[in-house]
file entry-v1.txt (compact mmCIF, C-alpha atoms and all ligand atoms)
# COMPACT_ATOMS: atom_id res chain seq x y z
CA MET A 10 30.03 -43.63 -32.79
CA LEU A 11 28.53 -44.41 -36.18
CA ASP A 12 30.09 -46.98 -38.50
CA ILE A 13 28.27 -47.62 -41.76
CA GLN A 14 29.39 -50.45 -44.03
CA GLY A 15 28.08 -51.43 -47.47
CA LEU A 16 24.77 -49.63 -46.97
CA SER A 17 22.36 -49.77 -49.92
CA LYS A 18 18.77 -48.85 -50.66
CA LEU A 19 17.39 -50.13 -53.96
CA TYR A 20 13.81 -49.34 -54.97
CA PRO A 21 12.02 -51.67 -57.39
CA VAL A 22 10.71 -49.80 -60.41
CA SER A 23 8.35 -50.86 -63.16
CA ASP A 24 10.19 -52.12 -66.24
CA GLY A 25 7.59 -50.36 -68.38
CA GLU A 26 6.88 -53.45 -70.52
CA SER A 27 3.29 -53.38 -71.72
CA ALA A 28 1.12 -56.52 -72.07
CA PRO A 29 1.39 -56.54 -75.91
CA MET A 30 5.16 -56.23 -75.68
CA ARG A 31 5.24 -59.13 -73.25
CA ALA A 32 3.13 -61.18 -75.67
CA LEU A 33 5.50 -60.26 -78.53
CA ARG A 34 8.40 -61.46 -76.47
CA GLY A 35 6.59 -64.83 -76.73
CA TRP A 36 8.45 -67.76 -75.27
CA ALA A 37 11.09 -65.44 -73.89
CA ARG A 38 8.64 -63.86 -71.45
CA HIS A 39 9.37 -66.62 -68.97
CA GLN A 40 13.08 -66.01 -69.27
CA PRO A 41 14.39 -64.24 -66.18
CA ARG A 42 15.13 -60.57 -66.83
CA PRO A 43 16.98 -58.48 -64.29
CA ALA A 44 14.30 -56.71 -62.26
CA PRO A 45 14.89 -52.97 -62.67
CA LYS A 46 15.98 -51.32 -59.43
CA LEU A 47 16.66 -47.69 -58.68
CA HIS A 48 19.96 -47.48 -56.78
CA ALA A 49 19.17 -44.58 -54.43
CA VAL A 50 22.05 -45.41 -52.05
CA ASP A 51 24.57 -47.91 -53.35
CA ASP A 52 27.23 -49.61 -51.22
CA VAL A 53 28.05 -46.67 -49.00
CA SER A 54 30.55 -46.90 -46.11
CA PHE A 55 31.72 -44.18 -43.71
CA THR A 56 32.11 -43.36 -40.03
CA ILE A 57 31.26 -40.45 -37.73
CA GLY A 58 33.25 -39.96 -34.53
CA THR A 59 31.94 -38.71 -31.17
CA GLY A 60 31.44 -34.94 -31.32
CA GLU A 61 32.40 -34.87 -35.00
CA SER A 62 30.52 -32.86 -37.61
CA VAL A 63 30.33 -34.52 -41.03
CA GLY A 64 28.92 -32.75 -44.08
CA LEU A 65 27.11 -34.63 -46.85
CA VAL A 66 26.92 -32.89 -50.22
CA GLY A 67 25.86 -33.76 -53.74
CA GLU A 68 23.27 -32.66 -56.26
CA SER A 69 19.55 -33.28 -56.08
CA GLY A 70 18.66 -36.97 -56.33
CA CYS A 71 22.10 -38.33 -55.40
CA GLY A 72 20.65 -40.12 -52.35
CA LYS A 73 21.29 -37.77 -49.40
CA SER A 74 17.78 -37.90 -47.91
CA THR A 75 17.57 -41.65 -48.51
CA LEU A 76 20.79 -42.05 -46.52
CA VAL A 77 19.31 -39.86 -43.76
CA SER A 78 16.15 -42.01 -43.66
CA LEU A 79 18.28 -45.16 -43.46
CA ILE A 80 20.40 -43.86 -40.57
CA THR A 81 17.38 -42.59 -38.65
CA ARG A 82 15.72 -45.94 -39.36
CA LEU A 83 12.66 -44.59 -41.11
CA ILE A 84 13.18 -47.01 -44.02
CA GLU A 85 14.62 -50.52 -44.31
CA PRO A 86 18.01 -50.94 -46.00
CA SER A 87 18.42 -53.37 -48.90
CA ALA A 88 21.90 -54.33 -47.61
CA GLY A 89 24.57 -53.22 -45.19
CA THR A 90 25.18 -52.52 -41.53
CA ILE A 91 24.73 -49.37 -39.41
CA LEU A 92 26.71 -49.75 -36.19
CA PHE A 93 25.63 -47.11 -33.70
CA GLU A 94 27.88 -47.25 -30.63
CA GLY A 95 28.68 -50.83 -31.59
CA LYS A 96 25.10 -52.06 -32.11
CA ASP A 97 23.83 -52.90 -35.60
CA ILE A 98 20.65 -50.83 -35.79
CA ALA A 99 20.13 -51.80 -39.45
CA ALA A 100 19.24 -55.28 -38.24
CA ILE A 101 16.34 -53.94 -36.13
CA ASN A 102 13.17 -53.41 -38.14
CA THR A 103 11.77 -49.88 -38.30
CA ARG A 104 8.80 -50.64 -35.98
CA ALA A 105 10.94 -52.29 -33.28
CA PHE A 106 13.52 -49.48 -33.57
CA ALA A 107 10.93 -46.97 -32.33
CA ARG A 108 11.05 -48.78 -28.96
CA THR A 109 14.85 -49.00 -28.58
CA PRO A 110 16.97 -46.55 -26.53
CA GLU A 111 18.83 -45.63 -29.73
CA ARG A 112 15.62 -44.04 -31.05
CA GLY A 113 16.18 -41.05 -28.76
CA ALA A 114 19.95 -41.03 -29.27
CA ILE A 115 19.65 -40.36 -33.03
CA GLN A 116 17.47 -37.38 -33.90
CA VAL A 117 16.74 -35.64 -37.16
CA VAL A 118 15.89 -32.08 -38.20
CA PHE A 119 14.13 -32.00 -41.56
CA GLN A 120 14.38 -29.51 -44.38
CA ASP A 121 11.21 -27.50 -43.99
CA PRO A 122 10.30 -26.20 -40.51
CA HIS A 123 6.87 -25.17 -41.86
CA ASP A 124 6.01 -28.72 -42.94
CA SER A 125 7.49 -30.65 -40.06
CA LEU A 126 5.40 -29.01 -37.31
CA ASN A 127 1.83 -30.11 -36.62
CA PRO A 128 -0.35 -26.99 -37.30
CA ARG A 129 -2.60 -27.80 -34.32
CA HIS A 130 0.22 -28.26 -31.77
CA SER A 131 1.71 -25.34 -29.86
CA ALA A 132 5.47 -24.82 -29.73
CA PHE A 133 5.37 -26.27 -26.20
CA ASP A 134 3.58 -29.43 -27.41
CA ALA A 135 6.00 -29.83 -30.31
CA ILE A 136 9.04 -29.71 -28.00
CA ALA A 137 7.39 -31.81 -25.26
CA GLU A 138 6.14 -34.54 -27.62
CA PRO A 139 9.39 -36.56 -27.80
CA LEU A 140 9.75 -36.28 -24.01
CA ARG A 141 6.26 -37.67 -23.52
CA ARG A 142 6.71 -40.39 -26.11
CA LEU A 143 10.31 -41.49 -25.53
CA LYS A 144 10.84 -40.59 -21.87
CA LYS A 145 7.22 -41.14 -20.72
CA ARG A 146 7.10 -37.75 -18.96
CA SER A 147 3.83 -36.05 -18.00
CA THR A 148 3.08 -32.51 -19.21
CA ALA A 149 3.95 -31.05 -15.78
CA GLU A 150 7.24 -32.98 -15.73
CA CYS A 151 8.08 -31.65 -19.20
CA ARG A 152 7.73 -27.94 -18.29
CA PRO A 153 11.19 -27.23 -16.83
CA ARG A 154 12.95 -29.19 -19.60
CA VAL A 155 10.95 -27.49 -22.38
CA ALA A 156 11.80 -24.08 -20.87
CA GLU A 157 15.47 -25.06 -20.73
CA LEU A 158 15.41 -26.24 -24.36
CA ALA A 159 13.69 -23.02 -25.47
CA ARG A 160 16.49 -21.05 -23.78
CA ASP A 161 19.16 -23.28 -25.38
CA VAL A 162 17.87 -22.56 -28.89
CA GLY A 163 17.02 -18.89 -28.24
CA PHE A 164 13.24 -19.33 -28.50
CA PRO A 165 11.28 -16.81 -26.37
CA GLU A 166 9.58 -18.71 -23.56
CA GLU A 167 6.55 -16.40 -23.68
CA LEU A 168 5.82 -17.72 -27.21
CA LEU A 169 5.65 -21.39 -26.18
CA ASP A 170 1.84 -21.38 -26.30
CA ARG A 171 1.73 -20.19 -29.89
CA LEU A 172 0.72 -22.33 -32.86
CA PRO A 173 3.11 -22.71 -35.83
CA HIS A 174 1.19 -20.21 -38.03
CA GLN A 175 1.78 -17.55 -35.34
CA LEU A 176 5.57 -18.02 -35.53
CA SER A 177 8.20 -16.74 -37.97
CA GLY A 178 10.29 -19.13 -40.09
CA GLY A 179 13.31 -18.67 -37.83
CA GLN A 180 11.23 -19.32 -34.70
CA LYS A 181 9.80 -22.49 -36.25
CA ALA A 182 13.32 -23.63 -37.11
CA ARG A 183 14.29 -23.09 -33.44
CA VAL A 184 11.28 -25.14 -32.27
CA ASN A 185 12.31 -27.95 -34.62
CA ILE A 186 15.85 -27.93 -33.28
CA ALA A 187 14.66 -27.84 -29.64
CA ARG A 188 12.35 -30.76 -30.38
CA ALA A 189 15.21 -32.79 -31.86
CA LEU A 190 17.44 -31.98 -28.86
CA ALA A 191 14.73 -32.87 -26.31
CA PRO A 192 15.63 -36.57 -25.93
CA GLU A 193 19.34 -35.64 -25.53
CA PRO A 194 20.56 -37.17 -28.79
CA ARG A 195 24.19 -38.10 -29.32
CA LEU A 196 23.84 -37.88 -33.10
CA LEU A 197 21.86 -35.11 -34.78
CA VAL A 198 21.09 -35.59 -38.46
CA LEU A 199 20.27 -32.32 -40.22
CA ASP A 200 18.75 -32.63 -43.70
CA GLU A 201 19.10 -29.18 -45.30
CA PRO A 202 17.92 -27.58 -42.05
CA THR A 203 17.99 -24.01 -43.33
CA SER A 204 17.22 -24.25 -47.05
CA ALA A 205 13.59 -23.12 -46.55
CA LEU A 206 14.62 -20.00 -44.60
CA ASP A 207 15.49 -16.45 -45.63
CA VAL A 208 19.22 -15.97 -46.16
CA SER A 209 19.58 -13.64 -43.14
CA VAL A 210 17.77 -16.13 -40.88
CA GLN A 211 19.85 -19.00 -42.30
CA ALA A 212 23.05 -17.45 -41.00
CA VAL A 213 21.62 -17.04 -37.48
CA ILE A 214 20.33 -20.61 -37.33
CA LEU A 215 23.62 -22.02 -38.65
CA LYS A 216 25.51 -20.11 -35.97
CA LEU A 217 23.10 -21.51 -33.36
CA LEU A 218 23.69 -25.07 -34.63
CA ASP A 219 27.44 -24.56 -34.51
CA ASP A 220 27.28 -23.20 -30.93
CA LEU A 221 25.00 -26.03 -29.80
CA ARG A 222 27.41 -28.64 -31.08
CA THR A 223 30.32 -27.13 -29.19
CA ARG A 224 28.22 -26.71 -26.06
CA LEU A 225 26.53 -30.14 -26.09
CA GLY A 226 29.34 -32.18 -27.67
CA ILE A 227 26.99 -34.06 -30.00
CA SER A 228 27.87 -35.40 -33.46
CA TYR A 229 26.30 -33.93 -36.60
CA LEU A 230 25.58 -35.37 -40.00
CA PHE A 231 24.88 -32.21 -41.93
CA VAL A 232 23.24 -32.49 -45.35
CA SER A 233 23.48 -29.42 -47.53
CA HIS A 234 23.56 -28.16 -51.08
CA ASP A 235 25.61 -25.22 -49.86
CA LEU A 236 29.31 -26.02 -49.79
CA ASN A 237 30.15 -22.80 -48.00
CA VAL A 238 27.96 -23.87 -45.09
CA VAL A 239 29.58 -27.29 -44.97
CA ARG A 240 32.99 -25.70 -45.02
CA LEU A 241 32.14 -23.53 -42.01
CA LEU A 242 30.38 -26.16 -39.93
CA CYS A 243 31.97 -29.50 -40.73
CA ASP A 244 35.19 -31.29 -39.79
CA ARG A 245 34.82 -33.84 -42.55
CA VAL A 246 32.96 -33.91 -45.87
CA ILE A 247 31.36 -36.71 -47.90
CA VAL A 248 30.57 -36.04 -51.56
CA MET A 249 27.91 -38.26 -53.15
CA TYR A 250 27.07 -38.76 -56.79
CA LEU A 251 24.28 -41.07 -58.04
CA GLY A 252 24.03 -43.10 -54.83
CA ARG A 253 27.78 -43.52 -54.32
CA ILE A 254 30.43 -41.74 -52.29
CA VAL A 255 32.87 -40.27 -54.83
CA GLU A 256 35.12 -38.40 -52.41
CA THR A 257 35.57 -38.05 -48.67
CA GLY A 258 38.12 -36.27 -46.51
CA THR A 259 38.64 -33.53 -43.99
CA ALA A 260 37.05 -30.22 -44.98
CA GLU A 261 40.52 -28.93 -45.81
CA GLN A 262 41.39 -31.93 -48.00
CA VAL A 263 38.13 -31.76 -49.93
CA PHE A 264 38.18 -27.99 -50.44
CA GLU A 265 41.90 -27.51 -51.03
CA GLN A 266 42.99 -30.80 -52.62
CA ALA A 267 39.86 -32.19 -54.30
CA ALA A 268 40.73 -35.36 -56.20
CA HIS A 269 37.42 -36.10 -57.94
CA PRO A 270 36.31 -34.10 -61.00
CA TYR A 271 32.78 -33.88 -59.58
CA THR A 272 34.03 -32.32 -56.34
CA ARG A 273 36.12 -29.91 -58.41
CA ALA A 274 33.01 -28.87 -60.34
CA LEU A 275 31.03 -28.35 -57.10
CA ILE A 276 33.79 -26.23 -55.62
CA SER A 277 34.18 -24.19 -58.80
CA ALA A 278 30.49 -23.25 -58.51
CA ILE A 279 30.80 -21.77 -54.99
CA PRO A 280 30.19 -18.02 -55.11
CA ARG A 281 33.38 -16.16 -54.22
CA THR A 282 34.01 -12.78 -52.63
CA ILE A 283 35.94 -10.12 -54.57
CA GLU A 284 39.04 -10.66 -52.41
CA GLU A 285 39.21 -14.37 -53.22
CA SER A 286 41.11 -15.48 -56.30
CA PRO A 287 38.77 -16.30 -59.18
CA VAL A 288 38.38 -19.95 -60.13
CA GLU A 289 37.27 -21.06 -63.56
CA ARG A 290 33.76 -22.46 -63.26
CA ILE A 291 33.51 -26.07 -64.47
CA HIS A 292 30.20 -26.63 -66.26
CA LEU A 293 28.87 -30.17 -66.30
CA PRO A 294 27.13 -30.96 -69.57
CA GLY A 295 23.95 -33.05 -69.72
CA ASP A 296 22.13 -34.93 -66.98
CA PRO A 297 23.34 -37.60 -64.59
CA ARG A 298 23.19 -41.20 -65.82
CA SER A 299 20.08 -43.18 -64.91
CA PRO A 300 20.06 -44.50 -61.33
CA VAL A 301 18.10 -47.56 -62.56
CA ASN A 302 20.31 -50.67 -62.88
CA PRO A 303 23.51 -48.65 -63.40
CA ASP A 304 26.14 -50.53 -65.41
CA PRO A 305 28.63 -51.89 -62.86
CA ASN A 306 31.46 -51.46 -65.37
CA VAL A 307 30.96 -47.78 -66.12
CA CYS A 308 31.94 -44.87 -63.91
CA ARG A 309 28.71 -43.20 -62.76
CA PHE A 310 30.12 -39.79 -63.63
CA TYR A 311 31.01 -40.85 -67.18
CA GLY A 312 29.29 -38.71 -69.80
CA ARG A 313 29.39 -35.56 -67.67
CA CYS A 314 32.99 -35.81 -66.58
CA PRO A 315 35.36 -33.43 -68.37
CA ARG A 316 38.05 -36.17 -68.18
CA GLY A 317 36.04 -39.23 -69.28
CA VAL A 318 38.09 -41.66 -71.44
CA ASP A 319 37.55 -45.26 -72.62
CA LEU A 320 38.85 -46.68 -69.35
CA CYS A 321 35.99 -44.93 -67.52
CA GLN A 322 33.40 -46.92 -69.48
CA GLU A 323 35.29 -50.17 -68.99
CA SER A 324 35.74 -50.18 -65.23
CA GLU A 325 34.06 -48.30 -62.45
CA PRO A 326 36.68 -46.69 -60.18
CA ARG A 327 36.60 -47.73 -56.52
CA LEU A 328 37.04 -45.37 -53.59
CA LEU A 329 40.82 -45.39 -53.00
CA SER A 330 42.87 -43.77 -50.30
CA MET A 331 44.81 -40.64 -51.33
CA ALA A 332 46.07 -39.80 -47.82
CA PRO A 333 44.94 -40.61 -44.27
CA GLU A 334 41.19 -39.76 -44.15
CA HIS A 335 41.14 -38.72 -47.82
CA SER A 336 39.67 -41.04 -50.50
CA ALA A 337 38.40 -40.50 -54.03
CA ALA A 338 36.80 -42.73 -56.66
CA CYS A 339 38.38 -41.66 -59.95
CA HIS A 340 40.93 -43.38 -62.22
CA PHE A 341 42.67 -40.01 -62.50
CA ALA A 342 42.41 -38.89 -58.89
CA GLU A 343 46.09 -38.01 -58.57
CA GLU A 344 46.13 -35.92 -61.75
CA VAL A 345 42.90 -34.15 -60.76
CA GLN A 346 44.42 -33.35 -57.39
CA GLU A 347 47.65 -32.07 -58.92
CA SER A 348 45.78 -29.70 -61.18
CA ALA A 349 43.63 -28.55 -58.21
CA LEU A 350 46.77 -27.79 -56.24
CA ALA A 351 48.36 -26.03 -59.21
CA GLN A 352 45.30 -23.77 -59.59
CA GLY A 353 45.31 -23.02 -55.86
N1 LIG A 401 10.30 -43.94 -51.95
C1 LIG A 401 11.01 -43.94 -53.08
N2 LIG A 401 10.69 -44.78 -54.09
C2 LIG A 401 11.40 -44.80 -55.24
N3 LIG A 401 12.46 -44.01 -55.48
C3 LIG A 401 12.82 -43.14 -54.52
C4 LIG A 401 12.11 -43.05 -53.28
N4 LIG A 401 12.73 -42.09 -52.52
C5 LIG A 401 13.74 -41.60 -53.24
N5 LIG A 401 13.80 -42.22 -54.46
C6 LIG A 401 14.79 -41.98 -55.51
O1 LIG A 401 16.07 -42.14 -54.92
C7 LIG A 401 17.00 -41.20 -55.45
C8 LIG A 401 17.61 -40.41 -54.31
O2 LIG A 401 16.62 -39.56 -53.74
P1 LIG A 401 16.91 -38.66 -52.46
O3 LIG A 401 15.64 -38.02 -52.04
O4 LIG A 401 17.64 -39.46 -51.45
O5 LIG A 401 17.88 -37.55 -53.08
P2 LIG A 401 18.52 -36.25 -52.41
O6 LIG A 401 19.98 -36.34 -52.63
O7 LIG A 401 18.03 -36.10 -51.01
O8 LIG A 401 17.93 -35.07 -53.32
P3 LIG A 401 17.52 -33.55 -52.91
O9 LIG A 401 18.82 -32.80 -52.85
O10 LIG A 401 16.67 -33.11 -54.06
O11 LIG A 401 16.79 -33.58 -51.61
C9 LIG A 401 16.22 -40.35 -56.45
O12 LIG A 401 16.47 -40.87 -57.74
C10 LIG A 401 14.77 -40.56 -56.04
O13 LIG A 401 13.90 -40.43 -57.14
MG MG A 402 16.91 -34.58 -49.99
call {"tool": "encode", "arguments": {"input": "entry-v1.txt", "output": "structure tokens", "more": "lines below"}}
Ligand SMILES: Nc1ncnc2c1ncn2[C@@H]1O[C@H](COP(=O)(O)OP(=O)(O)OP(=O)(O)O)[C@@H](O)[C@H]1O
Ligand SMILES: [Mg+2]
result
Amino acid sequence: MLDIQGLSKLYPVSDGESAPMRALRGWARHQPRPAPKLHAVDDVSFTIGTGESVGLVGESGCGKSTLVSLITRLIEPSAGTILFEGKDIAAINTRAFARTPERGAIQVVFQDPHDSLNPRHSAFDAIAEPLRRLKKRSTAECRPRVAELARDVGFPEELLDRLPHQLSGGQKARVNIARALAPEPRLLVLDEPTSALDVSVQAVILKLLDDLRTRLGISYLFVSHDLNVVRLLCDRVIVMYLGRIVETGTAEQVFEQAAHPYTRALISAIPRTIEESPVERIHLPGDPRSPVNPDPNVCRFYGRCPRGVDLCQESEPRLLSMAPEHSAACHFAEEVQESALAQG
């Protein structure tokens, strides 16, 4: 369904050189200097199958939301292709994309249900809006479909006239999901859909999302900080670090046989129940490397990686296959995996 190859988004940033510094550089100021670019998403490739649920994890700033904005065509890529059902939607500019049939087929649910609803639009208007805009339906024509969508997501029909401030967080989340489902998408992109909700409401909404996927047979790209959620909801997992995919595999492969030290650290930080065997928590020292003009010869995880050796600053590891569907980008992937298996 979705086949992404070599996708990148680089943002130009100021090089911070003041006018006096430029003058001091004298003759050299006309010499070309590499323009500084922030590598938000850097040469990313992956696929999502029909009806498949893929989780995307990684710490703040690793490029998850940028990737979401690229796939939903809200921003222009710097390079790469996004084949959606065989058509390269990356080649269509963002304005023109709004008029293509794919616009309805790929829908997104954003992080904060409070922010993403217009305060002056009722729940009905919020759900009907994509039907009016994408399917050119009149308000009267929308009514039966909006009622059906409200039922699908468990939103009380008698509350459809209410404004967002008259709804609870969970109800707003349901409106947001109904709105995304309105144009009958085949791919639903969920960017931390429950992180702004109370823990008890989170569980209910996650269950709803899981049921909807089974019932409607749509594909999910599920972005989350919470690895437990990804484990429950996703068939496959992608782990990102500083704009790059560092590991990808089935949920079982990533959680049971992690082959990248960063994935190991993420897994070690998952809260465990008393019955589960304790795992030694791996602390990552320091901050991530700068995403601006990263050195192409140094592993992006170098400096924080518990295993970092000279080789890691001499050549950046590529994403290599460990097993069918399982790949990791670490010079020591096999050793990391062996120790993961040994620890259980
Ligand atoms: N419009 C922009 N202009 C410049 N840099 C940007 C822009 N949007 C994002 N970035 C940078 O790109 C990188 C990735 O940001 P992104 O929002 O995709 O991260 P994220 O993984 O979604 O983080 P979080 O978990 O906090 O939501 C960050 O370094 C961020 O500062
Ligand atoms: Mg984000």
call {"tool": "axis_aligned_box", "arguments": {"input": "entry-v1.txt", "around": "ligand LIG 401 (chain A)", "padding_each_side": "6 Å", "output": "JSON"}}
result
{"center_x": 15.1, "center_y": -38.8, "center_z": -54.4, "size_x": 21.7, "size_y": 24.0, "size_z": 18.7}
call {"tool": "closest_residue", "arguments": {"input": "entry-v1.txt", "among": "A:Leu242, A:Ala332, A:Val248, A:Ala205", "to": "A:Gly67", "atoms": "only C-alpha atoms"}}
result
A:Val248
call {"tool": "residues_around", "arguments": {"input": "entry-v1.txt", "residues": "A:Asp235", "least_positions_apart": "3", "cutoff": "8 Å", "atoms": "all atoms listed in the file", "output": "ChimeraX atom specification"}}
result
/A:66,238-239
call {"tool": "closest_residue", "arguments": {"input": "entry-v1.txt", "among": "A:Arg313, A:Arg104, A:Arg146, A:Arg281", "to": "A:Leu293", "atoms": "all atoms listed in the file"}}
result
A:Arg313
call {"tool": "closest_residue", "arguments": {"input": "entry-v1.txt", "among": "A:Val318, A:Val307, A:Leu329, A:Ala260", "to": "A:Leu241", "atoms": "all atoms listed in the file"}}
result
A:Ala260
call {"tool": "residues_near_ligand", "arguments": {"input": "entry-v1.txt", "ligand": "ligand LIG 401 (chain A)", "cutoff": "6 Å", "atoms": "all atoms listed in the file", "output": "ChimeraX atom specification"}}
result
/A:20,49,68-75
call {"tool": "closest_residue", "arguments": {"input": "entry-v1.txt", "among": "A:Gly113, A:Pro326, A:Gly163, A:Pro202", "to": "A:Pro305", "atoms": "all atoms listed in the file"}}
result
A:Pro326
call {"tool": "atom_distance", "arguments": {"input": "entry-v1.txt", "atom1": "atom CA of A:Ile214", "atom2": "atom CA of A:Leu79"}}
result
25.4 Å
call {"tool": "closest_residue", "arguments": {"input": "entry-v1.txt", "among": "A:Val162, A:Leu47, A:Ala338, A:Val301", "to": "A:His269", "atoms": "only C-alpha atoms"}}
result
A:Ala338
call {"tool": "atom_distance", "arguments": {"input": "entry-v1.txt", "atom1": "atom CA of A:Leu328", "atom2": "atom CA of A:Ile101"}}
result
28.4 Å
call {"tool": "residues_around", "arguments": {"input": "entry-v1.txt", "residues": "A:Gly258", "least_positions_apart": "4", "cutoff": "9 Å", "atoms": "all atoms listed in the file", "output": "list of chain:residue names"}}
result
A:Asp244, A:Arg245, A:Val246, A:Ile247, A:Gln262, A:Val263, A:Ala267, A:Ala332, A:Pro333, A:Glu334, A:His335, A:Ser336, A:Ala337
call {"tool": "closest_residue", "arguments": {"input": "entry-v1.txt", "among": "A:Arg290, A:Arg224, A:His234, A:Arg309", "to": "ligand MG 402 (chain A)", "atoms": "all atoms listed in the file"}}
result
A:His234
call {"tool": "residues_around", "arguments": {"input": "entry-v1.txt", "residues": "A:Leu140", "least_positions_apart": "4", "cutoff": "10 Å", "atoms": "all atoms listed in the file", "output": "PyMOL selection string"}}
result
chain A and resi 113+134-136+144-148+150-151+154-155+188+191-193
call {"tool": "residues_near_point", "arguments": {"input": "entry-v1.txt", "point": "(45.7, -35.9, -60.5)", "cutoff": "12 Å", "atoms": "only C-alpha atoms", "output": "PyMOL selection string"}}
result
chain A and resi 266-270+273+316+331+337-351
